[in-house]
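Colleague: File name entry.pdb; file contents PDB, C-alpha atoms; full text below.
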```pdb
ATOM      1  CA  MET A  11     152.629  11.937 206.768
ATOM      2  CA  GLY A  12     154.489  15.177 207.363
ATOM      3  CA  PRO A  13     154.083  18.379 205.361
ATOM      4  CA  GLU A  14     157.486  17.885 203.749
ATOM      5  CA  MET A  15     156.417  14.472 202.429
ATOM      6  CA  LEU A  16     153.156  15.865 201.064
ATOM      7  CA  THR A  17     155.019  18.704 199.363
ATOM      8  CA  ALA A  18     157.495  16.295 197.806
ATOM      9  CA  LEU A  19     154.753  13.949 196.608
ATOM     10  CA  SER A  20     152.680  16.748 195.119
ATOM     11  CA  ALA A  21     155.787  18.064 193.366
ATOM     12  CA  LEU A  22     156.392  14.567 191.983
ATOM     13  CA  ALA A  23     152.829  14.359 190.671
ATOM     14  CA  VAL A  24     153.085  17.800 189.055
ATOM     15  CA  ALA A  25     156.427  16.886 187.473
ATOM     16  CA  VAL A  26     155.031  13.645 186.020
ATOM     17  CA  VAL A  27     151.956  15.361 184.584
ATOM     18  CA  THR A  28     154.076  18.232 183.194
ATOM     19  CA  ALA A  29     156.513  15.816 181.568
ATOM     20  CA  LEU A  30     153.666  13.857 180.009
ATOM     21  CA  GLY A  31     152.075  17.070 178.791
ATOM     22  CA  ALA A  32     155.336  18.173 177.179
ATOM     23  CA  VAL A  33     155.769  14.827 175.429
ATOM     24  CA  ILE A  34     152.183  14.792 174.268
ATOM     25  CA  THR A  35     152.395  18.381 173.030
ATOM     26  CA  ALA A  36     155.549  17.566 171.074
ATOM     27  CA  VAL A  37     153.952  14.488 169.499
ATOM     28  CA  VAL A  38     150.658  16.212 168.664
ATOM     29  CA  GLY A  39     152.408  19.354 167.429
ATOM     30  CA  ARG A  40     154.452  17.378 164.904
ATOM     31  CA  ARG A  41     151.534  15.568 163.269
ATOM     32  CA  GLN A  42     148.592  17.973 163.248
ATOM     33  CA  PRO A  43     145.909  15.320 162.631
ATOM     34  CA  ARG A  44     142.522  16.098 161.077
ATOM     35  CA  GLY A  45     138.943  15.033 161.873
ATOM     36  CA  GLN A  46     138.469  11.558 163.355
ATOM     37  CA  ARG A  47     142.191  11.034 163.691
ATOM     38  CA  ARG A  48     142.432  14.091 165.933
ATOM     39  CA  ARG A  49     139.691  12.678 168.193
ATOM     40  CA  ASP A  50     141.473   9.326 168.333
ATOM     41  CA  ASP A  51     144.716  11.054 169.351
ATOM     42  CA  PHE A  52     142.896  12.957 172.085
ATOM     43  CA  THR A  53     141.421   9.708 173.395
ATOM     44  CA  THR A  54     144.881   8.136 173.420
ATOM     45  CA  ILE A  55     146.355  11.114 175.249
ATOM     46  CA  VAL A  56     143.584  11.111 177.860
ATOM     47  CA  GLY A  57     144.096   7.375 178.363
ATOM     48  CA  GLU A  58     147.830   7.857 178.873
ATOM     49  CA  LEU A  59     147.211  10.657 181.365
ATOM     50  CA  ARG A  60     144.753   8.506 183.307
ATOM     51  CA  THR A  61     147.275   5.657 183.357
ATOM     52  CA  SER A  62     149.980   8.027 184.581
ATOM     53  CA  LEU A  63     147.756   9.437 187.309
ATOM     54  CA  THR A  64     146.816   5.917 188.400
ATOM     55  CA  GLU A  65     150.513   5.040 188.693
ATOM     56  CA  VAL A  66     151.157   8.180 190.761
ATOM     57  CA  LYS A  67     148.230   7.308 193.059
ATOM     58  CA  ASP A  68     149.537   3.748 193.474
ATOM     59  CA  GLU A  69     153.003   5.036 194.336
ATOM     60  CA  LEU A  70     151.499   7.491 196.819
ATOM     61  CA  GLY A  71     149.587   4.646 198.484
ATOM     62  CA  LYS A  72     152.749   2.540 198.760
ATOM     63  CA  GLN A  73     154.653   5.451 200.287
ATOM     64  CA  LYS A  74     151.839   6.027 202.785
ATOM     65  CA  GLU A  75     151.916   2.363 203.852
ATOM     66  CA  GLN A  76     155.702   2.505 204.228
ATOM     67  CA  SER A  77     155.385   5.688 206.279
ATOM     68  CA  GLU A  78     152.910   4.002 208.635
ATOM     69  CA  ARG A  79     155.228   0.997 209.063
ATOM     70  CA  ASP A  80     158.148   3.335 209.752
ATOM     71  CA  ARG A  81     156.125   5.262 212.316
ATOM     72  CA  ALA A  82     155.181   2.035 214.145
ATOM     73  CA  ARG A  83     158.814   0.870 214.140
ATOM     74  CA  VAL A  84     160.056   4.200 215.536
ATOM     75  CA  THR A  85     157.398   4.116 218.256
ATOM     76  CA  ALA A  86     158.500   0.622 219.307
ATOM     77  CA  GLN A  87     162.141   1.678 219.272
ATOM     78  CA  GLU A  88     161.320   4.699 221.434
ATOM     79  CA  PHE A  89     159.588   2.395 223.913
ATOM     80  CA  ALA A  90     162.659   0.133 223.940
ATOM     81  CA  ILE A  91     164.956   3.064 224.656
ATOM     82  CA  ARG A  92     162.788   4.267 227.532
ATOM     83  CA  TYR A  93     162.698   0.758 228.949
ATOM     84  CA  LEU A  94     166.471   0.412 228.769
ATOM     85  CA  ALA A  95     167.057   3.849 230.282
ATOM     86  CA  GLY A  96     164.895   2.968 233.296
ATOM     87  CA  TRP A  97     166.658  -0.342 233.642
ATOM     88  CA  ALA A  98     170.073   1.312 233.525
ATOM     89  CA  ARG A  99     169.053   3.838 236.210
ATOM     90  CA  SER A 100     167.873   1.102 238.549
ATOM     91  CA  LEU A 101     171.024  -0.929 237.843
ATOM     92  CA  VAL A 102     173.327   1.959 238.703
ATOM     93  CA  SER A 103     171.357   2.695 241.878
ATOM     94  CA  TYR A 104     171.468  -0.919 242.951
ATOM     95  CA  MET A 105     175.179  -1.299 242.233
ATOM     96  CA  ARG A 106     175.983   1.848 244.215
ATOM     97  CA  GLN A 107     174.092   0.512 247.213
ATOM     98  CA  GLN A 108     175.117  -3.152 247.162
ATOM     99  CA  HIS A 109     178.353  -3.441 245.188
ATOM    100  CA  LEU A 110     176.972  -6.693 243.731
ATOM    101  CA  GLU A 111     176.108  -8.145 240.345
ATOM    102  CA  PRO A 112     173.385  -6.294 238.436
ATOM    103  CA  PRO A 113     169.806  -7.347 239.193
ATOM    104  CA  PRO A 114     167.381  -8.772 236.645
ATOM    105  CA  PRO A 115     165.314  -6.238 234.704
ATOM    106  CA  PRO A 116     162.889  -4.256 236.919
ATOM    107  CA  GLN A 117     159.972  -5.774 234.999
ATOM    108  CA  PRO A 118     159.540  -8.471 232.363
ATOM    109  CA  VAL A 119     160.772  -7.400 228.944
ATOM    110  CA  PRO A 120     157.707  -6.215 226.966
ATOM    111  CA  ASP A 121     156.946  -7.939 223.675
ATOM    112  CA  GLU A 122     157.279  -4.619 221.814
ATOM    113  CA  VAL A 123     160.905  -4.339 222.961
ATOM    114  CA  ARG A 124     162.111  -7.873 222.247
ATOM    115  CA  PRO A 125     162.888  -7.372 218.514
ATOM    116  CA  TYR A 126     165.267  -4.534 219.386
ATOM    117  CA  LEU A 127     167.142  -6.255 222.239
ATOM    118  CA  HIS A 128     169.341  -8.782 220.486
ATOM    119  CA  ASP A 129     171.955  -9.501 223.138
ATOM    120  CA  ILE A 130     170.042 -10.057 226.376
ATOM    121  CA  SER A 131     168.358 -13.276 227.362
ATOM    122  CA  THR A 132     165.083 -12.835 229.199
TER     123      THR A 132
END
```
What would you get if you wrote out this structure as structure tokens?

Modeller:
Amino acid sequence: MGPEMLTALSALAVAVVTALGAVITAVVGRRQPRGQRRRDDFTTIVGELRTSLTEVKDELGKQKEQSERDRARVTAQEFAIRYLAGWARSLVSYMRQQHLEPPPPPQPVPDEVRPYLHDIST
């Protein structure tokens, strides 16, 4: 996860906690409870904050998983591009020498590349 993503996620967490704090302050400031009622309100507020933090942590975990899947997909796509570039170089070299039809791929198509090569049959 890059530094920009961490900065954005920490800003999101701070914004959520700040917004909850503002709402809670507005609600508590209007009522001014006394005694036991004040303790009950505090317990409710703490519970809401814990729930909010749990939701932020869950969202952060989901984003981390998505980031890992994206990274794996980009790595496979990079491998596919390198494979195709090598194939194209050998094809051009062969065609210049022989003036014939293009040869088969220089090696079997790797399994990592297959999902990204939709229009060749190997």

Colleague: Range 77-88 of chain A: which residues within 8 Å, counting all atoms listed in the file, same-chain residues fewer than 2 positions away excluded, as a ChimeraX atom specification?

Modeller: /A:11,73-75,90-92,122-123,126

Colleague: Choose the residue, out of A:Leu101, A:Met15, A:Asp51, A:Ser62, that has the smallest atom-to-atom separation from Ala29 in chain A; count only C-alpha atoms.

Modeller: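 Going through A:Leu101, A:Met15, A:Asp51, A:Ser62 one by one, the smallest distance to Ala29 in chain A is for A:Ser62.
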
Colleague: Work out how far CA of Leu63 in chain A is from CA of Pro13 in chain A, in Å to one decimal.

Modeller: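 Answer for the CA of Pro13 in chain A to CA of Leu63 in chain A separation: 21.1 Å.
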
Colleague: For a quick check of understanding, using all atoms listed in the file, which of A:Gly12, A:Gly31, A:Pro120, A:Gly71 has the smallest distance to Tyr93 in chain A?

Modeller: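 With all atoms listed in the file as the atom set, the closest residue is A:Pro120.
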
Colleague: Rank A:Leu16, A:Val37, A:Val66, A:Val102 by their smallest atom-to-atom distance to Phe52 in chain A, using only C-alpha atoms, and report the top residue only.

Modeller: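 For Phe52 in chain A, the nearest of the candidates is A:Val37.
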
Colleague: Neighbouring residues of Val26 in chain A were defined as those with any atom within 12 Å, considering only C-alpha atoms; residues of the same chain fewer than 4 positions away were excluded. Please report them as a list in words.

Modeller: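 Contacts, in chain order: Leu19, Ser20, Ala21, Leu22, Leu30, Gly31, Ala32, Val33, Glu58, Leu59, Arg60, Thr61, Ser62, Leu63, Thr64, Glu65, Val66 and Lys67 of chain A.
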
Colleague: State, in Å with one decimal place, the distance from CA of Trp97 in chain A to CA of Gln117 in chain A.

Modeller: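 Between CA of Trp97 in chain A and CA of Gln117 in chain A the gap works out to 8.7 Å.
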
Colleague: Quick check, in Å to one decimal: how far apart do CA of Thr54 in chain A and CA of Ile34 in chain A lie?

Modeller: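 Calculated distance between CA of Thr54 in chain A and CA of Ile34 in chain A is 9.9 Å.
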
Colleague: Of the candidates A:Arg124, A:Val56, A:Gly96, A:Gln107, which shows the shortest atom-to-atom distance to Val27 in chain A, using all atoms listed in the file?

Modeller: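 Ranked by minimum distance to Val27 in chain A, first place goes to A:Val56.
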